[in-house]
Structure formats: structure tokens, C-alpha cells
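Visitor: The file below is upload05.txt, compact mmCIF, C-alpha atoms:
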```
# COMPACT_ATOMS: atom_id res chain seq x y z
CA MET K 1005 95.19 94.87 114.47
CA THR K 1006 96.04 97.35 117.21
CA ASP K 1007 99.03 99.67 117.01
CA ALA K 1008 100.69 97.76 119.85
CA ALA K 1009 100.39 94.49 117.93
CA ARG K 1010 102.53 95.42 114.95
CA ALA K 1011 106.00 96.62 114.21
CA GLU K 1012 105.76 100.17 112.92
CA VAL K 1013 107.60 103.29 111.90
CA VAL K 1014 105.68 106.22 113.34
CA VAL K 1015 106.21 109.51 111.50
CA ASP K 1016 105.31 112.82 113.13
CA LEU K 1017 104.25 115.10 110.28
CA ASP K 1018 103.95 118.09 112.61
CA ALA K 1019 107.63 117.64 113.49
CA ILE K 1020 108.57 117.75 109.81
CA ALA K 1021 106.55 120.94 109.34
CA ALA K 1022 108.03 122.53 112.46
CA ASN K 1023 111.58 121.60 111.47
CA THR K 1024 111.03 123.14 108.05
CA ALA K 1025 109.67 126.31 109.62
CA VAL K 1026 112.67 126.57 111.96
CA LEU K 1027 115.12 126.18 109.07
CA ARG K 1028 113.19 128.57 106.82
CA GLU K 1029 113.16 131.22 109.54
CA ARG K 1030 116.85 130.67 110.25
CA VAL K 1031 117.97 131.37 106.69
CA GLY K 1032 115.39 133.99 105.74
CA ARG K 1033 115.34 132.96 102.09
CA PRO K 1034 113.75 130.28 99.90
CA LEU K 1035 114.14 126.68 101.04
CA MET K 1036 114.05 123.53 98.95
CA ALA K 1037 113.10 120.54 101.13
CA VAL K 1038 114.72 117.36 99.87
CA VAL K 1039 112.29 114.42 99.87
CA LYS K 1040 114.24 111.87 97.83
CA ALA K 1041 114.61 108.22 98.92
CA ASP K 1042 110.95 108.05 99.96
CA GLY K 1043 111.33 111.13 102.10
CA TYR K 1044 114.45 109.74 103.79
CA GLY K 1045 112.36 106.76 104.84
CA HIS K 1046 109.53 108.88 106.21
CA GLY K 1047 107.24 108.63 103.17
CA MET K 1048 107.84 110.98 100.26
CA VAL K 1049 104.37 112.37 99.64
CA PRO K 1050 103.32 112.94 103.28
CA ALA K 1051 106.77 114.37 104.06
CA ALA K 1052 106.56 116.70 101.06
CA ARG K 1053 103.14 117.96 102.10
CA ALA K 1054 104.32 118.49 105.67
CA ALA K 1055 107.43 120.37 104.53
CA LEU K 1056 105.31 122.60 102.30
CA ALA K 1057 102.95 123.21 105.20
CA GLY K 1058 106.00 124.29 107.20
CA GLY K 1059 107.00 126.88 104.61
CA ALA K 1060 109.17 125.06 102.08
CA ASP K 1061 109.24 126.89 98.76
CA ALA K 1062 110.26 123.94 96.60
CA LEU K 1063 111.04 120.23 96.75
CA GLY K 1064 114.09 118.28 95.66
CA VAL K 1065 114.31 114.65 94.57
CA ALA K 1066 116.98 112.51 92.98
CA VAL K 1067 115.25 110.84 90.03
CA LEU K 1068 112.45 111.77 87.68
CA GLU K 1069 110.25 108.91 88.89
CA GLU K 1070 110.14 110.53 92.31
CA ALA K 1071 109.20 113.90 90.85
CA LEU K 1072 106.46 112.39 88.73
CA ALA K 1073 105.09 110.52 91.75
CA LEU K 1074 104.77 113.84 93.57
CA ARG K 1075 102.87 115.28 90.64
CA ARG K 1076 100.55 112.27 90.48
CA ALA K 1077 99.83 112.82 94.17
CA GLY K 1078 98.70 116.36 93.42
CA VAL K 1079 101.78 118.23 94.65
CA THR K 1080 102.05 121.40 92.57
CA ALA K 1081 105.05 123.12 94.20
CA PRO K 1082 108.27 123.52 92.20
CA VAL K 1083 110.20 120.24 92.08
CA LEU K 1084 113.81 119.70 91.00
CA ALA K 1085 115.10 116.27 89.95
CA TRP K 1086 118.84 115.88 89.48
CA LEU K 1087 120.08 112.34 88.91
CA HIS K 1088 119.58 111.22 85.31
CA THR K 1089 121.06 108.61 83.02
CA PRO K 1090 121.14 108.69 79.20
CA GLY K 1091 117.68 108.24 77.75
CA ALA K 1092 115.85 109.77 80.71
CA ASP K 1093 112.20 110.58 80.01
CA TYR K 1094 112.57 114.34 79.87
CA ALA K 1095 109.34 114.63 77.86
CA ALA K 1096 107.36 113.39 80.88
CA ALA K 1097 109.28 115.78 83.12
CA LEU K 1098 108.48 118.73 80.86
CA THR K 1099 104.81 117.82 80.72
CA ALA K 1100 104.71 117.65 84.52
CA GLU K 1101 106.61 120.95 84.87
CA VAL K 1102 109.48 119.30 86.71
CA GLU K 1103 112.75 121.22 86.79
CA VAL K 1104 115.83 119.19 85.84
CA SER K 1105 119.50 119.40 86.63
CA VAL K 1106 122.09 119.06 83.90
CA ASN K 1107 125.66 117.82 84.44
CA ALA K 1108 127.04 117.70 80.89
CA GLU K 1109 126.54 118.93 77.35
CA TRP K 1110 125.19 115.56 76.17
CA ALA K 1111 122.52 115.69 78.87
CA LEU K 1112 121.55 119.21 77.89
CA ALA K 1113 121.23 118.01 74.28
CA GLU K 1114 118.78 115.31 75.42
CA VAL K 1115 116.71 117.92 77.26
CA VAL K 1116 116.65 120.18 74.20
CA ALA K 1117 115.65 117.24 71.98
CA ALA K 1118 112.69 116.55 74.27
CA VAL K 1119 111.64 120.19 74.05
CA ARG K 1120 111.84 120.18 70.28
CA THR K 1121 109.70 117.07 69.92
CA GLY K 1122 106.73 118.78 71.42
CA GLY K 1123 107.63 119.55 74.99
CA ARG K 1124 107.38 122.93 76.65
CA PRO K 1125 110.59 124.87 77.39
CA ALA K 1126 112.62 123.22 80.14
CA ARG K 1127 113.54 124.84 83.44
CA VAL K 1128 117.13 123.79 83.99
CA HIS K 1129 119.66 123.94 86.82
CA LEU K 1130 123.33 123.60 85.85
CA PHE K 1131 125.42 121.55 88.28
CA ALA K 1132 129.07 122.47 88.81
CA ASP K 1133 131.46 119.93 90.31
CA THR K 1134 133.27 122.08 92.86
CA GLY K 1135 135.26 119.32 94.53
CA LEU K 1136 132.99 116.42 95.46
CA SER K 1137 133.94 114.62 92.22
CA ARG K 1138 130.50 113.08 91.98
CA GLU K 1139 127.75 114.82 90.01
CA GLY K 1140 128.46 117.93 88.01
CA ALA K 1141 130.58 119.41 85.26
CA THR K 1142 134.26 119.76 86.08
CA GLU K 1143 136.06 123.08 85.87
CA ALA K 1144 137.30 122.06 82.43
CA GLU K 1145 133.82 121.08 81.23
CA TRP K 1146 131.90 123.95 82.81
CA PRO K 1147 132.55 126.68 80.19
CA GLY K 1148 131.32 124.41 77.40
CA LEU K 1149 128.19 123.47 79.31
CA VAL K 1150 127.47 127.10 80.13
CA ALA K 1151 127.93 128.16 76.50
CA ALA K 1152 125.60 125.41 75.28
CA ALA K 1153 123.01 126.34 77.90
CA ALA K 1154 123.22 130.01 76.96
CA ARG K 1155 122.59 129.10 73.31
CA ALA K 1156 119.65 126.89 74.25
CA GLN K 1157 118.22 129.67 76.36
CA ALA K 1158 118.60 132.17 73.52
CA ASP K 1159 116.80 129.71 71.25
CA GLY K 1160 113.92 129.51 73.70
CA ASP K 1161 114.42 125.83 74.47
CA VAL K 1162 115.43 126.21 78.10
CA ALA K 1163 115.38 128.69 80.92
CA VAL K 1164 118.42 128.32 83.17
CA VAL K 1165 116.83 128.92 86.57
CA GLY K 1166 119.52 127.51 88.84
CA LEU K 1167 123.27 127.21 89.28
CA TRP K 1168 124.26 124.79 91.98
CA SER K 1169 126.71 122.38 93.53
CA HIS K 1170 127.07 120.06 96.54
CA MET K 1171 129.52 120.08 99.41
CA ALA K 1172 131.88 117.33 100.53
CA TYR K 1173 132.57 118.39 104.12
CA ALA K 1174 129.75 120.67 105.28
CA ASP K 1175 129.36 118.44 108.34
CA ALA K 1176 132.85 119.59 109.39
CA PRO K 1177 132.33 123.36 109.28
CA THR K 1178 136.01 124.27 109.66
CA HIS K 1179 137.32 121.88 107.01
CA PRO K 1180 139.50 123.62 104.38
CA THR K 1181 137.55 122.09 101.50
CA ILE K 1182 134.64 124.36 102.32
CA GLY K 1183 136.44 127.54 101.40
CA ALA K 1184 137.92 125.84 98.34
CA GLN K 1185 134.51 124.70 97.11
CA VAL K 1186 132.99 128.11 97.69
CA ARG K 1187 135.75 129.69 95.60
CA VAL K 1188 135.26 127.21 92.76
CA PHE K 1189 131.49 127.70 92.90
CA GLU K 1190 131.75 131.46 92.72
CA GLU K 1191 134.16 131.20 89.79
CA ALA K 1192 131.65 128.94 88.04
CA VAL K 1193 128.88 131.43 88.76
CA GLY K 1194 131.01 134.21 87.31
CA ILE K 1195 131.44 132.28 84.07
CA ALA K 1196 127.71 131.67 83.85
CA ARG K 1197 126.83 135.27 84.59
CA ALA K 1198 129.29 136.49 81.93
CA ALA K 1199 127.56 134.19 79.42
CA GLY K 1200 124.23 135.88 80.12
CA LEU K 1201 122.72 133.40 82.60
CA THR K 1202 121.82 136.20 84.97
CA ASP K 1203 118.45 135.03 86.29
CA ALA K 1204 119.55 131.69 87.73
CA ARG K 1205 119.28 131.28 91.50
CA LEU K 1206 122.32 129.99 93.34
CA HIS K 1207 122.08 127.08 95.78
CA LEU K 1208 124.86 125.20 97.52
CA ALA K 1209 123.85 124.59 101.15
CA ASN K 1210 122.76 121.12 102.22
CA SER K 1211 121.49 120.40 105.75
CA ALA K 1212 124.86 120.79 107.46
CA ALA K 1213 125.58 124.04 105.65
CA THR K 1214 122.08 125.29 106.38
CA VAL K 1215 122.64 124.99 110.12
CA ALA K 1216 126.34 125.89 110.24
CA LEU K 1217 127.60 127.84 107.20
CA PRO K 1218 125.67 131.06 106.47
CA ARG K 1219 128.14 132.11 103.76
CA THR K 1220 126.89 129.17 101.66
CA TRP K 1221 123.23 130.11 101.76
CA TYR K 1222 123.21 132.26 98.59
CA ASP K 1223 119.71 132.51 97.05
CA MET K 1224 118.26 129.26 98.40
CA VAL K 1225 119.14 126.43 100.79
CA ARG K 1226 118.55 122.75 100.19
CA PRO K 1227 118.23 120.80 103.47
CA GLY K 1228 117.38 117.12 103.58
CA ILE K 1229 118.04 115.22 106.81
CA ALA K 1230 117.48 118.31 108.97
CA VAL K 1231 113.90 118.54 107.70
CA TYR K 1232 113.31 115.19 109.41
CA GLY K 1233 114.77 116.47 112.68
CA LEU K 1234 118.17 114.79 112.66
CA ASP K 1235 121.34 116.77 113.27
CA PRO K 1236 123.55 116.73 110.16
CA LEU K 1237 126.54 117.49 112.38
CA GLY K 1238 125.97 114.33 114.44
CA GLY K 1239 124.98 116.07 117.65
CA ASP K 1240 121.79 116.99 119.46
CA PRO K 1241 119.13 118.19 117.01
CA ALA K 1242 117.53 120.27 119.76
CA ALA K 1243 120.57 122.54 119.56
CA HIS K 1244 119.24 123.63 116.17
CA GLY K 1245 115.59 123.69 117.23
CA LEU K 1246 114.86 120.39 115.47
CA ARG K 1247 112.87 117.35 116.57
CA PRO K 1248 113.28 113.85 115.09
CA ALA K 1249 110.13 112.86 113.24
CA MET K 1250 110.62 109.06 113.25
CA THR K 1251 109.98 106.50 115.97
CA VAL K 1252 110.69 102.83 115.26
CA ARG K 1253 108.96 100.34 117.53
CA ALA K 1254 107.84 96.73 117.69
CA PRO K 1255 105.93 94.50 120.10
CA ALA K 1256 107.61 91.69 121.97
CA ALA K 1257 106.73 88.39 120.30
CA LEU K 1258 107.83 86.16 123.16
CA THR K 1259 109.42 86.35 126.61
CA LYS K 1260 111.17 83.54 128.44
CA ARG K 1261 113.27 82.85 131.51
CA VAL K 1262 116.58 81.20 130.73
CA PRO K 1263 119.45 79.98 132.92
CA ALA K 1264 122.84 81.62 133.24
CA GLY K 1265 125.30 80.78 130.50
CA VAL K 1266 122.81 79.86 127.77
CA GLY K 1267 123.92 80.86 124.25
CA VAL K 1268 121.70 83.45 122.61
CA SER K 1269 120.98 83.75 118.88
CA TYR K 1270 123.12 82.56 115.97
CA GLY K 1271 126.71 81.81 116.78
CA HIS K 1272 126.16 82.16 120.52
CA THR K 1273 127.89 85.53 120.72
CA TYR K 1274 126.02 86.42 123.94
CA PHE K 1275 125.76 84.46 127.21
CA PRO K 1276 123.80 85.89 130.17
CA GLU K 1277 125.80 85.85 133.40
CA ARG K 1278 122.80 84.89 135.52
CA GLU K 1279 119.25 83.63 135.14
CA THR K 1280 117.40 86.25 133.14
CA THR K 1281 114.42 87.13 130.97
CA LEU K 1282 114.87 87.31 127.22
CA VAL K 1283 112.51 89.29 124.98
CA LEU K 1284 112.12 88.32 121.34
CA VAL K 1285 111.54 91.25 118.96
CA PRO K 1286 110.06 90.22 115.57
CA VAL K 1287 112.08 92.41 113.20
CA GLY K 1288 115.55 91.93 111.75
CA TYR K 1289 117.90 92.80 108.96
CA ALA K 1290 115.24 92.08 106.33
CA ASP K 1291 113.40 95.04 107.85
CA GLY K 1292 116.41 97.35 107.88
CA VAL K 1293 117.72 96.59 111.37
CA PRO K 1294 121.48 96.40 110.78
CA ARG K 1295 123.01 93.00 111.45
CA ALA K 1296 125.93 94.89 112.96
CA ALA K 1297 123.62 96.04 115.77
CA GLY K 1298 124.01 92.73 117.58
CA ASN K 1299 125.62 93.19 121.01
CA ARG K 1300 126.02 96.88 120.22
CA ALA K 1301 122.84 98.88 119.61
CA PRO K 1302 120.43 100.05 122.34
CA VAL K 1303 116.68 99.65 122.56
CA LEU K 1304 114.12 100.76 125.12
CA ALA K 1305 112.62 97.60 126.65
CA ALA K 1306 111.02 96.90 130.01
CA GLY K 1307 111.49 100.48 131.14
CA ALA K 1308 115.18 100.97 130.38
CA GLN K 1309 117.70 101.16 127.58
CA ARG K 1310 119.27 97.77 126.96
CA THR K 1311 121.72 96.45 124.40
CA ILE K 1312 120.61 93.88 121.81
CA ALA K 1313 121.72 90.45 123.02
CA GLY K 1314 123.48 88.38 120.38
CA ARG K 1315 123.23 88.61 116.63
CA VAL K 1316 120.42 90.33 114.75
CA CYS K 1317 118.74 87.72 112.54
CA MET K 1318 116.79 88.17 109.33
CA ASP K 1319 113.44 88.39 111.09
CA GLN K 1320 114.14 88.89 114.79
CA PHE K 1321 116.52 89.81 117.58
CA VAL K 1322 116.71 89.26 121.32
CA VAL K 1323 116.97 91.63 124.27
CA ASP K 1324 118.08 90.65 127.78
CA VAL K 1325 115.93 92.52 130.33
CA GLY K 1326 117.27 90.81 133.44
CA ASP K 1327 114.65 90.48 136.16
CA ALA K 1328 112.42 93.26 134.84
CA GLU K 1329 108.81 92.38 134.16
CA ALA K 1330 108.17 91.74 130.49
CA ARG K 1331 105.28 90.22 128.61
CA PRO K 1332 104.50 89.38 124.99
CA GLY K 1333 103.08 92.46 123.28
CA ASP K 1334 105.12 94.94 125.34
CA GLU K 1335 106.58 97.79 123.32
CA VAL K 1336 110.24 97.77 122.35
CA VAL K 1337 111.50 101.03 120.86
CA LEU K 1338 114.55 100.97 118.62
CA TRP K 1339 114.88 104.71 118.18
CA GLY K 1340 112.85 107.90 118.39
CA PRO K 1341 113.13 111.53 119.51
CA GLY K 1342 114.59 110.42 122.84
CA ASP K 1343 112.20 112.23 125.16
CA ARG K 1344 110.67 109.03 126.58
CA GLY K 1345 114.04 107.53 127.39
CA GLU K 1346 114.29 105.70 124.09
CA PRO K 1347 117.53 105.69 122.07
CA THR K 1348 117.92 108.09 119.18
CA ALA K 1349 118.92 107.34 115.61
CA GLN K 1350 122.21 109.07 116.39
CA GLN K 1351 122.86 106.62 119.23
CA TRP K 1352 122.25 103.75 116.84
CA ALA K 1353 124.53 105.32 114.25
CA ASP K 1354 127.29 105.65 116.81
CA ALA K 1355 126.76 102.07 117.97
CA VAL K 1356 126.97 100.46 114.53
CA ASP K 1357 129.51 102.86 113.00
CA THR K 1358 127.28 104.38 110.36
CA ILE K 1359 125.22 107.55 109.90
CA HIS K 1360 121.61 108.15 110.84
CA TYR K 1361 120.83 108.85 107.17
CA GLU K 1362 121.42 105.18 106.41
CA LEU K 1363 119.32 103.95 109.31
CA VAL K 1364 116.19 105.98 108.58
CA THR K 1365 116.27 105.39 104.83
CA ARG K 1366 116.75 101.61 105.18
CA VAL K 1367 114.15 100.82 107.81
CA GLY K 1368 111.11 99.21 106.23
CA GLY K 1369 110.33 95.64 105.27
CA ARG K 1370 107.57 94.42 107.54
CA PHE K 1371 107.39 97.62 109.54
CA ALA K 1372 104.09 99.36 108.88
CA ARG K 1373 104.33 103.13 108.50
CA ARG K 1374 101.89 105.23 110.51
CA TYR K 1375 101.50 108.99 110.47
CA VAL K 1376 100.61 111.25 113.36
CA GLY K 1377 100.03 115.00 113.29
CA SER K 1378 97.98 117.04 110.90
CA ALA K 1379 100.58 119.02 108.95
CA GLY K 1380 100.10 118.65 105.23
CA ALA K 1381 97.08 116.40 105.60
CA VAL K 1382 94.85 116.27 102.54
```
Show how you would write the structure in this file as C-alpha cells.
Guide:
Amino acid sequence: MTDAARAEVVVDLDAIAANTAVLRERVGRPLMAVVKADGYGHGMVPAARAALAGGADALGVAVLEEALALRRAGVTAPVLAWLHTPGADYAAALTAEVEVSVNAEWALAEVVAAVRTGGRPARVHLFADTGLSREGATEAEWPGLVAAAARAQADGDVAVVGLWSHMAYADAPTHPTIGAQVRVFEEAVGIARAAGLTDARLHLANSAATVALPRTWYDMVRPGIAVYGLDPLGGDPAAHGLRPAMTVRAPAALTKRVPAGVGVSYGHTYFPERETTLVLVPVGYADGVPRAAGNRAPVLAAGAQRTIAGRVCMDQFVVDVGDAEARPGDEVVLWGPGDRGEPTAQQWADAVDTIHYELVTRVGGRFARRYVGSAGAV
């Protein structure tokens, strides 16, 4: 099957490497590239290799299964996994030399138990909740967690190698919560340092903070979406020297001339005002195309950006191209870097009232993924 004959997500690995290099040069300190959620929809292992080729010093994932998959693929760089539930397989993480984040004393106890049943000492990052009220130990819980970690380190069970937190409003660089979270984080660091955890590296900056908040960079930054070339502030990624790595495209499955006033797609929410050509695109919400994109989101079809006509269905949607020439098999681009006139993921996010993070991580289903570029190739 030719590339033109299938719906595909095309991932530019060289763009991922170049974005990583730009961010690494910008901050001038170690960078952890976040490759969770299957590399934000770009493919975890290829994205990880490309980020490392671009100068990433470490990788970040959410769950242990992701970290272990990287190890099985032969990735040897430092990897941090941070989202664990009771009974997590810390023994496997220790064997694979995966660093783990700890939110609470009970979680630390589980890590220590895994070490004492035959595992090697654990490399641990302690997570402080500085105001996001999601992961992390609260200000009230933090001193107890720090004390327990200091004891475990003295016993040789763990090495506390990181102190970290996550920001609630880094994409709004002037928001007052930023200063408040920085203050809470530095107080938490002070408590940890006083308890003897003096070797742990500090990391707070996500993608938005990496591009906009130098005071949050500390010892290491932790960008995710920016590695894939999307602007965490919702603007033009080129302003930060970034290039989107993903292009989403599909071939037209059918074209037809229809009269004015015909109802298009379920519920007849679109009626062409004059005789026109409709193009059928064979992907839908089962493939991660938001149903909300109907009559709202743009695509590049028949040489111009056009809005989806009518509702997005499970397997397909329709585009009205007017009197433009269109044939089955012609390319329809949902989003990409934007330099060929195609819409961007940010345009789609604006159109359907979401964020580009959601779009790129959800796209899949019957889309084939294809890689271009040589960065990180085995």
C-alpha cells in the first residue's frame, strides 16, 4: 500500500531532536525529555531516541510500564517514572535501574520493602505538592516524608536524587500562583536540605516554564509538549525555535457532486448553499478525530483550508471543496507544521475548545504511524 493510500500520522524524528537541542541550549543545564503517553502520541521509543540524539540527559514517563518498555527497547539513559498505585512492581523498576518518584510515606515504605527483598538500592525523587493539589506530599506531610527518606538513605536502601514539583499555571507566566509555588517549593527544599538530603537535584520546570520562566529552571528542566514542537503557551512554536513533529493526513475515499441544499452527515447540520463537490475522508472519532470538530475544524483539501462539513462520524467525515478539482486518493491534511498551508494542531485546539496536548495524544485508531528523519535511528 502506498503512503498516499492510507491514513497516517507522520512523525519527523529530526524535528524532535532539533526541538530538544534548542531547549537544551536555551536552559544550559540538564534536560529530562518527557515521553509518557506513547511519546505524546508520537511513539514513545522513537521519540525517546530522537530526544536523546538531540541532547536530552534523561527521560520522564508516568508509569513503570512505560519505563520498562524503554528498557526492553534498549534505552539505557536515566528514566524517571512518577505515577504509582499501591502494589506497584518496584522490584522490576529496581532491576531495570528506573528512578521512581515518591509522594507519601506509605509509598516510600513499599520502595524500601522491594529493596530489602533482594533489589538494589532505589534512586528516588521526592515530590512536593506546591499548589497543584494533584501528585505530591502536602506541606503538612512533607516533613514526615523527608524524615523517612533521610532514614532510608542512611540505611542504604535509597538514594534521594531528586526533589521536584509541578506547576499549575506555567502557561500563564504572570499568574500569581507561580511565585507562590516557587516559594513553597523552596521551603520544601530547605526542609530536605536540613534533613541531610543535599545531593538531590531540583526540578520544577515543565514545557511552559522551560520557555518562559528561567527562575524555575533550578538544576534540571522537564519539558514534554515542547519537545514535540508545540508551543505550551498556545502561540506560534517558531517563536521559541520549535517545529511541530506531527502531520496527520488521510486520502480521500470518495468525491461526489451534490445539489444545493442537500443535508450532509448525521443530523444534517450542514447544507451547501450551491451545487458543490464533497470529499469523504475515511477517519473519525474512533481514530481520535474529535466529534466536536464538525462544522468547526479546518483541514487542507483541494489546495485550500476548508472547514469540516457536518458532523464527524465514527469512521469518516466530509469536506465541502466547492468547485475545486478533487479525486479519490487526494491528500487531506488535518494538521501539521503549517508550512504547506495546512492547519496546525493549535488551530484545531482553538476550533474545538481543547488543547493540542489532547489532540496529539488521542490521534490513533486506524491511522498508521510513519517516521521520517534519521535522528535516533537504530
Visitor: Between CA of Arg1028 in chain K and CA of Thr1214 in chain K, measure the distance and give it in Å to one decimal.
Guide: 9.5 Å
Visitor: Report, in Å to a single decimal, how far apart CA of Gly1233 in chain K and CA of Leu1208 in chain K are.
Guide: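 Going from CA of Leu1208 in chain K over to CA of Gly1233 in chain K, I get 20.2 Å.
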Visitor: Which residue, K:Ala1052, K:Arg1205, K:Val1115, K:Leu1136, has the smallest gap to Tyr1173 in chain K when you use all atoms listed in the file?
Guide: K:Leu1136
Visitor: Counting all atoms listed in the file, which of K:Val1162, K:Ala1117, K:Val1079, K:Ala1306 gets nearest to Ser1105 in chain K?
Guide: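 Checking each candidate against Ser1105 in chain K, we get K:Val1162 as the closest.
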Visitor: Once you add 3 Å to each side, what are the centre and edge lengths of the axis-aligned box holding all listed atoms of range 1207-1212 of chain K? One decimal in Å, as AutoDock Vina command-line options, if you can.
Guide:
```
--center_x 123.2 --center_y 123.7 --center_z 101.6 --size_x 9.4 --size_y 12.7 --size_z 17.7
```
Visitor: Using only C-alpha atoms for the distances, tell me which of K:Leu1130, K:Val1215, K:Ala1108, K:Ala1372 is nearest to Glu1029 in chain K.
Guide: K:Val1215
Visitor: Can you tell me, as a PyMOL selection string, what residues are no more than 8 Å from Val1116 in chain K when counting only C-alpha atoms, ignoring any on the same chain fewer than 2 positions away?
Guide: chain K and resi 1112-1114+1118-1120+1126+1156+1161-1162
Visitor: Go through K:Ala1132, K:Asp1343, K:Ala1198, K:Ala1054 one by one, measure the shortest atom-to-atom distance of each to Ala1151 in chain K using all atoms listed in the file, and give the residue with the smallest value.
Guide: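 Of all the options, K:Ala1198 lies closest to Ala1151 in chain K.
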Visitor: Between CA of Ala1355 in chain K and CA of Ala1297 in chain K, what is the distance, to one decimal in Å?
Guide: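 Distance between the two atoms: 7.1 Å.
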Visitor: Select, from K:Met1318, K:Ala1353, K:Ala1196, K:Leu1087, the residue with the minimum atom-to-atom distance to Gly1369 in chain K, counting all atoms listed in the file.
Guide: K:Met1318
Visitor: Can you pull out the residues contacting Val1266 in chain K? Cut-off 8 Å, using only C-alpha atoms, and skip same-chain residues under 4 positions away; I want them as a list in words.
Guide: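 My list of contacting residues is Val1262, Phe1275 and Pro1276 of chain K.
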Visitor: Just write the chosen residues, C-alpha atoms, as a CSV table (one decimal), in the frame of the given file.
Guide:
```csv
chain,number,residue,atom,x,y,z
K,1262,VAL,CA,116.6,81.2,130.7
K,1275,PHE,CA,125.8,84.5,127.2
K,1276,PRO,CA,123.8,85.9,130.2
```
Visitor: Contacts of Thr1099 in chain K at 9 Å or less, counting only C-alpha atoms, minus same-chain residues fewer than 3 places along, as an NGL selection string?
Guide: :K and (1094-1096 or 1102 or 1123-1124)
Visitor: Please tell me which residues are no farther than 9 Å from (111.6, 107.1, 106.4) in the file, counting only C-alpha atoms, and write them as a tab-separated table (two decimals) with C-alpha atoms, in the coordinates of the input.
Guide:
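Once everything was written out, this is result_32.tsv:
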```
chain	number	residue	atom	x	y	z
K	1013	VAL	CA	107.60	103.29	111.90
K	1015	VAL	CA	106.21	109.51	111.50
K	1041	ALA	CA	114.61	108.22	98.92
K	1042	ASP	CA	110.95	108.05	99.96
K	1043	GLY	CA	111.33	111.13	102.10
K	1044	TYR	CA	114.45	109.74	103.79
K	1045	GLY	CA	112.36	106.76	104.84
K	1046	HIS	CA	109.53	108.88	106.21
K	1047	GLY	CA	107.24	108.63	103.17
K	1048	MET	CA	107.84	110.98	100.26
K	1232	TYR	CA	113.31	115.19	109.41
K	1250	MET	CA	110.62	109.06	113.25
K	1363	LEU	CA	119.32	103.95	109.31
K	1364	VAL	CA	116.19	105.98	108.58
K	1365	THR	CA	116.27	105.39	104.83
K	1366	ARG	CA	116.75	101.61	105.18
K	1367	VAL	CA	114.15	100.82	107.81
K	1368	GLY	CA	111.11	99.21	106.23
K	1373	ARG	CA	104.33	103.13	108.50
```
Visitor: With distances taken over only C-alpha atoms, which of K:Ala1249, K:Ile1182, K:Ile1359, K:Val1193 is nearest to Ala1055 in chain K?
Guide: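 The answer is K:Ala1249, which sits nearest to Ala1055 in chain K.
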Visitor: Leaving out Phe1321 in chain K and any residue of its chain fewer than 2 positions from it, which residues lie within 10 Å of it when counting all atoms listed in the file, given as a PyMOL selection string?
Guide: chain K and resi 1268-1270+1283-1289+1293+1295+1297-1298+1312-1319+1323
Visitor: For a cutoff of 9 Å around the file-coordinate point (111.2, 93.7, 120.2), which residues qualify once you count only C-alpha atoms? I'd like the result as an MDAnalysis selection string.
Guide: chainID K and resid 1011 1253:1258 1283:1287 1303 1305 1320:1323 1333:1338
Visitor: Grab the residues selected above and save them as an mmCIF file, in the coordinates of the input with C-alpha atoms.
Guide:
```
data_model
loop_
_atom_site.group_PDB
_atom_site.id
_atom_site.type_symbol
_atom_site.label_atom_id
_atom_site.label_comp_id
_atom_site.auth_asym_id
_atom_site.auth_seq_id
_atom_site.Cartn_x
_atom_site.Cartn_y
_atom_site.Cartn_z
ATOM 1 C CA ALA K 1011 106.000 96.620 114.210
ATOM 2 C CA ARG K 1253 108.960 100.340 117.530
ATOM 3 C CA ALA K 1254 107.840 96.730 117.690
ATOM 4 C CA PRO K 1255 105.930 94.500 120.100
ATOM 5 C CA ALA K 1256 107.610 91.690 121.970
ATOM 6 C CA ALA K 1257 106.730 88.390 120.300
ATOM 7 C CA LEU K 1258 107.830 86.160 123.160
ATOM 8 C CA VAL K 1283 112.510 89.290 124.980
ATOM 9 C CA LEU K 1284 112.120 88.320 121.340
ATOM 10 C CA VAL K 1285 111.540 91.250 118.960
ATOM 11 C CA PRO K 1286 110.060 90.220 115.570
ATOM 12 C CA VAL K 1287 112.080 92.410 113.200
ATOM 13 C CA VAL K 1303 116.680 99.650 122.560
ATOM 14 C CA ALA K 1305 112.620 97.600 126.650
ATOM 15 C CA GLN K 1320 114.140 88.890 114.790
ATOM 16 C CA PHE K 1321 116.520 89.810 117.580
ATOM 17 C CA VAL K 1322 116.710 89.260 121.320
ATOM 18 C CA VAL K 1323 116.970 91.630 124.270
ATOM 19 C CA GLY K 1333 103.080 92.460 123.280
ATOM 20 C CA ASP K 1334 105.120 94.940 125.340
ATOM 21 C CA GLU K 1335 106.580 97.790 123.320
ATOM 22 C CA VAL K 1336 110.240 97.770 122.350
ATOM 23 C CA VAL K 1337 111.500 101.030 120.860
ATOM 24 C CA LEU K 1338 114.550 100.970 118.620
#
```
Visitor: Tell me, as number ranges by chain, which residues lie within 9 Å of Val1376 in chain K, counting all atoms listed in the file; anything in the same chain fewer than 2 positions away does not count.
Guide: K: 1014-1018, 1374, 1378-1379
